[in-house]
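First comes the structure, then the notes that go with it.
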Protein chains: 2
Amino acid sequence: MSPVAEISILPTKARRATLTAAQAVAAPIDIEVLSKYVNVVQRKLTAGQYLYRAGQPFNALYLVNVGFLKTCLVAEDGREQVTGFRMRGDLVGIESIGAATHECDVVALETSGVWELPYPAILRACAQMPELQERLTWALAAEIRSDRSWKLALNSLSAEQRVAAFLLDLASRHEALGFSPRHFVLRMGRADIGSFLALKHETVTRALTRLAGQGCIDVQWREIRILDMAALDGVIHCEDKAA
Amino acid sequence: MSPVAEISILPTKARRATLTAAQAVAAPIDIEVLSKYVNVVQRKLTAGQYLYRAGQPFNALYLVNVGFLKTCLVAEDGREQVTGFRMRGDLVGIESIGAATHECDVVALETSGVWELPYPAILRACAQMPELQERLTWALAAEIRSDRSWKLALNSLSAEQRVAAFLLDLASRHEALGFSPRHFVLRMGRADIGSFLALKHETVTRALTRLAGQGCIDVQWREIRILDMAALDGVIHCEDKAA
DNA sequence: ACAACATGTAACAGTGTGTAACAGCCGAGC
DNA sequence: GCTCGGCTGTTACACACTGTTACATGTTGT
């Protein structure tokens with residue numbers, strides 16, 4: 001695993017590569033430099049634990065060190081929506097800036113470690129380090145672009161294509177962290193994938209089964225092996241159907 | 001219409017009221033104050049004209065003065081996605097911050113006027129006015145929250161409910177500008193609404209027809225009259241069906 | 001062993017889609 | 001003036017995909 005000092009404060013730069021073309025490339029910010037300005041507290045979470053819940057006061061950002069988390073938006077009537085998954089290097093909580101309280105739950109999907117960055121301290125640090133302010137702003141804008149790219153994908157792709165796009169997204173994020181893009185483990189359940197992709201868990205299962213049947217991937221429980229990256233990409237962009 | 005000086009630099013504060021509960025309330029920033037720091041250029045657009053197109057270099061933000069615009073994300077393969085609609089007081093282009101070029105098209109749906117705010121000048125102004133930087137950051141975060149709230153809505157509501165939510169959203173935005181929330185004109189076509197709501201234009205038509213049949217609204221071409229606001233809201237939250 | 005949970009499979013139903021035809025509006029052109 | 005063609009919106013109908021329901025299997029924790 002890459003050393004702590006190399007972690008970018010930006011949400012995975014390469015993440016959107018599979019969805020959008022151009023993407024700003026930013027130099028990583030050293031967390032050790034940041035810790036000279038901000039009192040960085042480490043927090044550890046076990047699977048199922050909440051980093052924070054909707055309604056709790058917003059007073060810190062979090063930078064994921066290790067592990068895997070999901071962010072969930074919950075409506076008053078109980079409807080639930082997974083809005084994203086966060087892994088090493090991702091910033092958590094930036095969407096709550098300017099709000100008094102958090103709007104979503106953040107749950108660890110496996111044992112995870114995050115750095116807690118008190119927001120008032122971050123604000124002070126931003127005043128001293130214009131680059132930090134800039135990176136934070138960039139991270140917010142990139143988050144908007146990412147969300148919109150996914151919206152385009154979800155609204156125009158079939159269930160199978162969405163799942164393929166999801167796997168490719170995960171693959172590129174793993175690769176950006178120095179892991180193999182062709183072999184990884186899904187830390188979330190089918191239902192969570194479905195919520196994020198606007199599908200039911202049975203449909204996710206069906207899509208995975210079909211993709212495996214086409215020889216694109218190999219699925220063993222939550223363990224994914226991408227056998228044919230190009231074919232998987234082709235599922236999204238080509239109309240194999242009678243087009 | 002309210003004087004120029006009262007325009008908020010934040011995207012309509014009340015916009016998300018129909019979707020999310022808590023929302024930061026910000027004091028408006030005076031565009032006249034801003035014009036002392038930034039060389040504000042006025043731009044006029046007629047219906048169908050582009051404010052900017054995907055691929056063009058990003059070098060300015062825009063604040064809508066009058067009119068109505070849509071933002072469209074276009075994939076390489078031609079798939080198109082309306083990501084939002086912008087009206088008086090809304091900021092346009094903030095999602096491109098940190099990127100070299102814009103990712104989406106912005107099209108005027110009627111004769112519109114915007115203030116062009118050159119980004120380098122905005123950056124300099126932010127250095128002098130911390131509140132401006134703060135408001136910009138808040139606007140970005142609020143945009144993320146808005147997008148996610150819509151994602152929750154689109155993924156959990158039926159076609160009819162989505163259209164109802166869309167109308168209520170427009171109503172509250174009109175109200176925030178001092179217009180009647182119960183009587184307004186849709187500046188966009190059914191296809192644009194459909195794209196935004198992840199529906200086809202025929203489905204939008206059907207939903208409007210059914211809502212009108214229930215007595216919630218009156219539809220005359222693009223002219224909408226909300227007859228029963230509570231009933232319209234009930235369509236979203238209640239299960240009229242056999243639940 | 002048992003309950004609780006996640007996943008896989010299958011049959012069926014339903015919502016929204018795709019196609020098509022038609023009506024109304026508008027601008028271009030004669 | 002007039003018609004024509006294009007665009008938008010409406011409605012109808014058959015179909016496909018996904019959602020729903022149900023059940024079987026496998027895993028985990030008590």
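Each chain in the structure tokens gets a letter, A, B and so on, in the order shown; residues start at 1 in every chain, and ligands are counted from 1 in the order they appear.
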Residues of chain B within 9 Å of chain A, only C-alpha atoms counted, as a PyMOL selection string: chain B and resi 19-26+55+73-77+79-83+94-101+103+127+130+133-145+147-149+151-156+195-199+237
Show me, as a PyMOL selection string, the residues of chain D whose atoms get within 10 Å of chain A, using only C-alpha atoms (C1' of nucleotides) for the distance check. chain D and resi 17-19
Restricting the output to all heavy atoms, write the selected residues as a PDB file, in the first residue's frame.
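The result, stored in again-v7.pdb:
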```
ATOM      1  P    DC D  17     -35.742  -6.548 -23.125  1.00  0.00           P
ATOM      2  OP1  DC D  17     -34.586  -6.307 -23.998  1.00  0.00           O
ATOM      3  OP2  DC D  17     -36.183  -7.919 -22.825  1.00  0.00           O
ATOM      4  O5'  DC D  17     -35.506  -5.766 -21.773  1.00  0.00           O
ATOM      5  C5'  DC D  17     -35.692  -4.348 -21.746  1.00  0.00           C
ATOM      6  C4'  DC D  17     -36.078  -3.926 -20.345  1.00  0.00           C
ATOM      7  O4'  DC D  17     -37.432  -4.326 -20.080  1.00  0.00           O
ATOM      8  C3'  DC D  17     -35.213  -4.572 -19.262  1.00  0.00           C
ATOM      9  O3'  DC D  17     -34.646  -3.541 -18.476  1.00  0.00           O
ATOM     10  C2'  DC D  17     -36.173  -5.455 -18.480  1.00  0.00           C
ATOM     11  C1'  DC D  17     -37.527  -4.853 -18.774  1.00  0.00           C
ATOM     12  N1   DC D  17     -38.663  -5.818 -18.781  1.00  0.00           N
ATOM     13  C2   DC D  17     -39.840  -5.514 -18.068  1.00  0.00           C
ATOM     14  O2   DC D  17     -39.893  -4.460 -17.442  1.00  0.00           O
ATOM     15  N3   DC D  17     -40.876  -6.388 -18.110  1.00  0.00           N
ATOM     16  C4   DC D  17     -40.768  -7.513 -18.825  1.00  0.00           C
ATOM     17  N4   DC D  17     -41.818  -8.336 -18.830  1.00  0.00           N
ATOM     18  C5   DC D  17     -39.589  -7.840 -19.545  1.00  0.00           C
ATOM     19  C6   DC D  17     -38.565  -6.982 -19.499  1.00  0.00           C
ATOM     20  P    DT D  18     -33.490  -3.893 -17.422  1.00  0.00           P
ATOM     21  OP1  DT D  18     -32.473  -2.844 -17.563  1.00  0.00           O
ATOM     22  OP2  DT D  18     -33.135  -5.311 -17.539  1.00  0.00           O
ATOM     23  O5'  DT D  18     -34.237  -3.666 -16.036  1.00  0.00           O
ATOM     24  C5'  DT D  18     -35.053  -2.522 -15.861  1.00  0.00           C
ATOM     25  C4'  DT D  18     -36.140  -2.793 -14.862  1.00  0.00           C
ATOM     26  O4'  DT D  18     -37.038  -3.797 -15.351  1.00  0.00           O
ATOM     27  C3'  DT D  18     -35.643  -3.288 -13.500  1.00  0.00           C
ATOM     28  O3'  DT D  18     -35.978  -2.321 -12.528  1.00  0.00           O
ATOM     29  C2'  DT D  18     -36.375  -4.616 -13.286  1.00  0.00           C
ATOM     30  C1'  DT D  18     -37.539  -4.517 -14.254  1.00  0.00           C
ATOM     31  N1   DT D  18     -38.058  -5.824 -14.766  1.00  0.00           N
ATOM     32  C2   DT D  18     -39.369  -6.143 -14.540  1.00  0.00           C
ATOM     33  O2   DT D  18     -40.135  -5.426 -13.940  1.00  0.00           O
ATOM     34  N3   DT D  18     -39.757  -7.364 -15.071  1.00  0.00           N
ATOM     35  C4   DT D  18     -38.976  -8.256 -15.778  1.00  0.00           C
ATOM     36  O4   DT D  18     -39.436  -9.306 -16.190  1.00  0.00           O
ATOM     37  C5   DT D  18     -37.604  -7.856 -15.970  1.00  0.00           C
ATOM     38  C7   DT D  18     -36.667  -8.748 -16.724  1.00  0.00           C
ATOM     39  C6   DT D  18     -37.218  -6.674 -15.466  1.00  0.00           C
ATOM     40  P    DG D  19     -35.770  -2.665 -10.954  1.00  0.00           P
ATOM     41  OP1  DG D  19     -35.513  -1.369 -10.303  1.00  0.00           O
ATOM     42  OP2  DG D  19     -34.802  -3.773 -10.810  1.00  0.00           O
ATOM     43  O5'  DG D  19     -37.209  -3.141 -10.493  1.00  0.00           O
ATOM     44  C5'  DG D  19     -38.317  -2.246 -10.664  1.00  0.00           C
ATOM     45  C4'  DG D  19     -39.577  -2.838 -10.059  1.00  0.00           C
ATOM     46  O4'  DG D  19     -39.933  -4.040 -10.782  1.00  0.00           O
ATOM     47  C3'  DG D  19     -39.460  -3.244  -8.595  1.00  0.00           C
ATOM     48  O3'  DG D  19     -40.680  -2.921  -7.933  1.00  0.00           O
ATOM     49  C2'  DG D  19     -39.233  -4.758  -8.661  1.00  0.00           C
ATOM     50  C1'  DG D  19     -39.979  -5.149  -9.917  1.00  0.00           C
ATOM     51  N9   DG D  19     -39.396  -6.269 -10.660  1.00  0.00           N
ATOM     52  C8   DG D  19     -38.105  -6.381 -11.093  1.00  0.00           C
ATOM     53  N7   DG D  19     -37.877  -7.478 -11.765  1.00  0.00           N
ATOM     54  C5   DG D  19     -39.095  -8.128 -11.766  1.00  0.00           C
ATOM     55  C6   DG D  19     -39.472  -9.371 -12.339  1.00  0.00           C
ATOM     56  O6   DG D  19     -38.777 -10.160 -12.977  1.00  0.00           O
ATOM     57  N1   DG D  19     -40.828  -9.653 -12.114  1.00  0.00           N
ATOM     58  C2   DG D  19     -41.683  -8.835 -11.418  1.00  0.00           C
ATOM     59  N2   DG D  19     -42.934  -9.271 -11.300  1.00  0.00           N
ATOM     60  N3   DG D  19     -41.345  -7.678 -10.882  1.00  0.00           N
ATOM     61  C4   DG D  19     -40.041  -7.389 -11.097  1.00  0.00           C
TER      62       DG D  19
END
```
Any idea which chain C residues end up within 10 Å of chain A if we count only C-alpha atoms (C1' of nucleotides), as a ChimeraX atom specification please? /C:6-9
Requested write-out: all heavy atoms of the selected residues, as a short mmCIF file (atom, residue, chain, number, x, y, z; two decimals), in the first residue's frame:
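Wrote result-v4.cif, looks like this:
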```cif
data_model
loop_
_atom_site.label_atom_id
_atom_site.label_comp_id
_atom_site.auth_asym_id
_atom_site.auth_seq_id
_atom_site.Cartn_x
_atom_site.Cartn_y
_atom_site.Cartn_z
P DA C 6 -28.47 -8.52 5.30
OP1 DA C 6 -27.63 -7.33 5.46
OP2 DA C 6 -29.90 -8.41 4.96
"O5'" DA C 6 -27.78 -9.45 4.20
"C5'" DA C 6 -26.43 -9.85 4.37
"C4'" DA C 6 -26.04 -10.78 3.22
"O4'" DA C 6 -26.75 -12.02 3.35
"C3'" DA C 6 -26.37 -10.23 1.83
"O3'" DA C 6 -25.25 -10.38 0.99
"C2'" DA C 6 -27.56 -11.06 1.38
"C1'" DA C 6 -27.37 -12.36 2.14
N9 DA C 6 -28.62 -13.04 2.46
C8 DA C 6 -29.72 -12.51 3.09
N7 DA C 6 -30.70 -13.36 3.25
C5 DA C 6 -30.22 -14.53 2.68
C6 DA C 6 -30.80 -15.81 2.52
N6 DA C 6 -32.01 -16.13 2.95
N1 DA C 6 -30.05 -16.76 1.91
C2 DA C 6 -28.82 -16.42 1.47
N3 DA C 6 -28.17 -15.26 1.57
C4 DA C 6 -28.94 -14.35 2.19
P DT C 7 -25.34 -9.89 -0.52
OP1 DT C 7 -23.98 -9.48 -0.90
OP2 DT C 7 -26.48 -8.97 -0.65
"O5'" DT C 7 -25.69 -11.22 -1.31
"C5'" DT C 7 -24.82 -12.34 -1.23
"C4'" DT C 7 -25.44 -13.53 -1.91
"O4'" DT C 7 -26.67 -13.87 -1.25
"C3'" DT C 7 -25.80 -13.32 -3.38
"O3'" DT C 7 -25.00 -14.17 -4.17
"C2'" DT C 7 -27.29 -13.65 -3.46
"C1'" DT C 7 -27.51 -14.46 -2.19
N1 DT C 7 -28.90 -14.46 -1.67
C2 DT C 7 -29.62 -15.62 -1.71
O2 DT C 7 -29.20 -16.66 -2.18
N3 DT C 7 -30.90 -15.52 -1.19
C4 DT C 7 -31.48 -14.40 -0.65
O4 DT C 7 -32.62 -14.44 -0.21
C5 DT C 7 -30.67 -13.21 -0.63
C7 DT C 7 -31.21 -11.96 -0.06
C6 DT C 7 -29.43 -13.30 -1.13
P DG C 8 -25.10 -14.10 -5.77
OP1 DG C 8 -23.81 -14.57 -6.32
OP2 DG C 8 -25.64 -12.78 -6.16
"O5'" DG C 8 -26.20 -15.21 -6.11
"C5'" DG C 8 -25.89 -16.58 -5.91
"C4'" DG C 8 -27.07 -17.45 -6.30
"O4'" DG C 8 -28.18 -17.15 -5.42
"C3'" DG C 8 -27.58 -17.24 -7.72
"O3'" DG C 8 -27.64 -18.50 -8.38
"C2'" DG C 8 -28.98 -16.63 -7.55
"C1'" DG C 8 -29.37 -17.11 -6.17
N9 DG C 8 -30.27 -16.21 -5.45
C8 DG C 8 -30.03 -14.90 -5.11
N7 DG C 8 -31.02 -14.35 -4.45
C5 DG C 8 -31.97 -15.36 -4.36
C6 DG C 8 -33.26 -15.36 -3.77
O6 DG C 8 -33.82 -14.43 -3.19
N1 DG C 8 -33.88 -16.58 -3.92
C2 DG C 8 -33.35 -17.68 -4.55
N2 DG C 8 -34.10 -18.77 -4.59
N3 DG C 8 -32.15 -17.69 -5.11
C4 DG C 8 -31.52 -16.51 -4.98
P DT C 9 -27.88 -18.58 -9.96
OP1 DT C 9 -27.10 -19.71 -10.46
OP2 DT C 9 -27.69 -17.24 -10.53
"O5'" DT C 9 -29.43 -18.94 -10.08
"C5'" DT C 9 -29.96 -20.03 -9.34
"C4'" DT C 9 -31.46 -20.09 -9.45
"O4'" DT C 9 -32.06 -19.14 -8.53
"C3'" DT C 9 -32.02 -19.76 -10.82
"O3'" DT C 9 -32.70 -20.90 -11.32
"C2'" DT C 9 -32.98 -18.58 -10.58
"C1'" DT C 9 -33.26 -18.69 -9.10
N1 DT C 9 -33.60 -17.42 -8.42
C2 DT C 9 -34.78 -17.33 -7.71
O2 DT C 9 -35.57 -18.25 -7.62
N3 DT C 9 -34.99 -16.11 -7.11
C4 DT C 9 -34.17 -15.01 -7.15
O4 DT C 9 -34.47 -13.97 -6.58
C5 DT C 9 -32.96 -15.17 -7.92
C7 DT C 9 -32.00 -14.01 -8.03
C6 DT C 9 -32.73 -16.35 -8.50
#
```
If you run DSSP over the backbone, which residues in region 20-239 of chain B end up alpha helix (DSSP H)? Put them as an MDAnalysis selection string. chainID B and resid 31:37 119:128 130:156 159:176 190:197 201:213 229:237
Do you have the CA of Glu160 (chain A)-CA of Gln220 (chain A) distance handy? 17.8 Å
So which bits of region 1-242 of chain A end up strand (DSSP E or B) when you DSSP the backbone, as a PyMOL selection string? chain A and resi 41-45+50-52+57+60-66+68-74+80-87+91-92+101+104-108+112-118+183-185+217-220+223-226
